[in-house]
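Q: Supplied in structure tokens, the structure appears directly below.
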Amino acid sequence: MTLTWQDVVAIATELPAVEESTWWRSPALKVGGKGFARLRSEAEGGLALLCETAEKEALLAVGDPAFYTTPHYDGYPYILIDLDRIAPDQLRELIDAAWWLSAPAKIREQRAAG
């Protein structure tokens with residue numbers, strides 16, 4: 001199933017305080033004013049999504065074509081995702097993790113409290 005930016009937005013906006021915005025002149029998602037996802041307009045396209053560095057390394061090591069990087073992102077905690085190749089459930093998990101990394105403590109605490 002091919003996912004779109006609209007699918008990414010729909011998944012992310014289920015989470016508290018997520019807002020659509022722009023970042024580097026491209027569509028983005030932010031929580032508490034901090035970006036955690038950006039639709040890339042560069043030649044390689046894809047979704048740039050915040051993640052733990054160890055998670056990025058693990059995703060790349062598996063060799064799944066849904067995940068890649070470019071020299072520009074080397075050393076940064078962002079994984080690039082091919083929306084044509086990722087499963088919706090896996091994307092939902094990764095967006096949730098990116099949200100937790102970006103959300104201010106107060107918003108994370110409110111979510112954890114239910």
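Lettering and numbering for the structure tokens are positional, with chains as A, B, ... in the shown order, residues counted from 1 in each chain, and ligands counted from 1 in the shown order.
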Distance table requested - segment 28-51 of chain A against segment 65-77 of chain A, cut-off 12 Å, only C-alpha atoms: one row per qualifying residue with the closest atom pair and its distance in Å to one decimal, ordered by chain and rising residue number, as a tab-separated table.

A:
```
residue	atom	partner	partner_atom	distance
A:Phe36	CA	A:Pro77	CA	10.3
A:Ala37	CA	A:Pro77	CA	11.5
A:Arg40	CA	A:Thr70	CA	11.9
A:Glu42	CA	A:Thr70	CA	10.7
A:Ala43	CA	A:Thr70	CA	10.9
A:Glu44	CA	A:Thr70	CA	8.6
A:Gly45	CA	A:Thr70	CA	10.8
A:Gly46	CA	A:Tyr68	CA	9.1
A:Leu47	CA	A:Phe67	CA	9.6
A:Ala48	CA	A:Thr69	CA	9.0
A:Leu49	CA	A:Pro77	CA	8.3
A:Leu50	CA	A:Pro77	CA	5.8
A:Cys51	CA	A:Pro77	CA	5.3
```

Q: Name all residues at most 10 Å from Leu39 of chain A (count only C-alpha atoms; drop same-chain ones fewer than 6 positions away) and give them as a PyMOL selection string.

A: chain A and resi 4-5+8+22-29+45-49+80-81

Q: May I ask for the distance between atom CA of Gln110 of chain A and atom CA of Ile79 of chain A, given in Å to one decimal place?

A: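 Going from atom CA of Gln110 of chain A over to atom CA of Ile79 of chain A, I get 27.1 Å.
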
Q: So which one's closest to Ala12 of chain A, A:Arg111, A:Lys106, A:Gly32, A:Ile95? Using only C-alpha atoms, please.

A: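 Ranking A:Arg111, A:Lys106, A:Gly32, A:Ile95 by distance to Ala12 of chain A, first place goes to A:Ile95.
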
Q: Between atom CA of Asp64 of chain A and atom CA of Ser102 of chain A, what distance in Å does the model show, to one decimal?

A: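 One can read the atom CA of Asp64 of chain A to atom CA of Ser102 of chain A distance as 25.2 Å.
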
Q: Got a sec to tell me which of chain A DSSP assigns to alpha helix (DSSP H), as a PyMOL selection string?

A: chain A and resi 5-12+53-62+88-102+105-113

Q: To one decimal in Å, tell me the separation between atom CA of Ala103 of chain A and atom CA of Ala58 of chain A.

A: 23.1 Å

Q: At a cut-off of 9 Å, using only C-alpha atoms, what residues contact Ala17 of chain A? Leave out same-chain residues fewer than 2 positions from it and give the result as a PyMOL selection string.

A: chain A and resi 13-15+19+30-32+103+107

Q: Please, could you write that set of residues out with C-alpha atoms as a compact mmCIF listing (two decimals), in the first residue's frame?

A:
```txt
# COMPACT_ATOMS: atom_id res chain seq x y z
CA THR A 13 -2.58 14.26 14.33
CA GLU A 14 -4.08 11.46 16.42
CA LEU A 15 -1.31 12.35 18.88
CA GLU A 19 0.32 20.66 14.19
CA LYS A 30 5.60 19.69 14.89
CA VAL A 31 4.70 19.19 18.52
CA GLY A 32 5.25 22.02 20.97
CA ALA A 103 7.09 16.50 22.65
CA ILE A 107 2.58 17.12 26.93
```

Q: Kindly indicate which residue among A:Asp7, A:Glu52, A:Ser21, A:Pro16 lies nearest to Leu94 of chain A, using only C-alpha atoms for the distances.

A: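 Smallest separation from Leu94 of chain A among the options: A:Glu52.
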
Q: Contacts of Ala87 of chain A at 10 Å or less, counting only C-alpha atoms, minus same-chain residues fewer than 4 places along, as a ChimeraX atom specification?

A: /A:1-3,66,83,91-92

Q: Could you write out, as a list in words, all the residues of segment 28-76 of chain A that DSSP marks as strand (DSSP E or B)?

A: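 Reading the DSSP output for segment 28-76 of chain A, strand (DSSP E or B) covers Ala28, Leu29, Lys30, Val31, Lys34, Gly35, Phe36, Ala37, Arg38, Leu39, Leu47, Ala48, Leu49, Leu50, Phe67 and Tyr68 of chain A.
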
Q: Can you work out which one of A:Val9, A:Gly63, A:Tyr78, A:Trp99 has the shortest atom-to-atom distance to Gly33 of chain A, counting only C-alpha atoms?

A: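 Distance minimum relative to Gly33 of chain A lands on A:Trp99.
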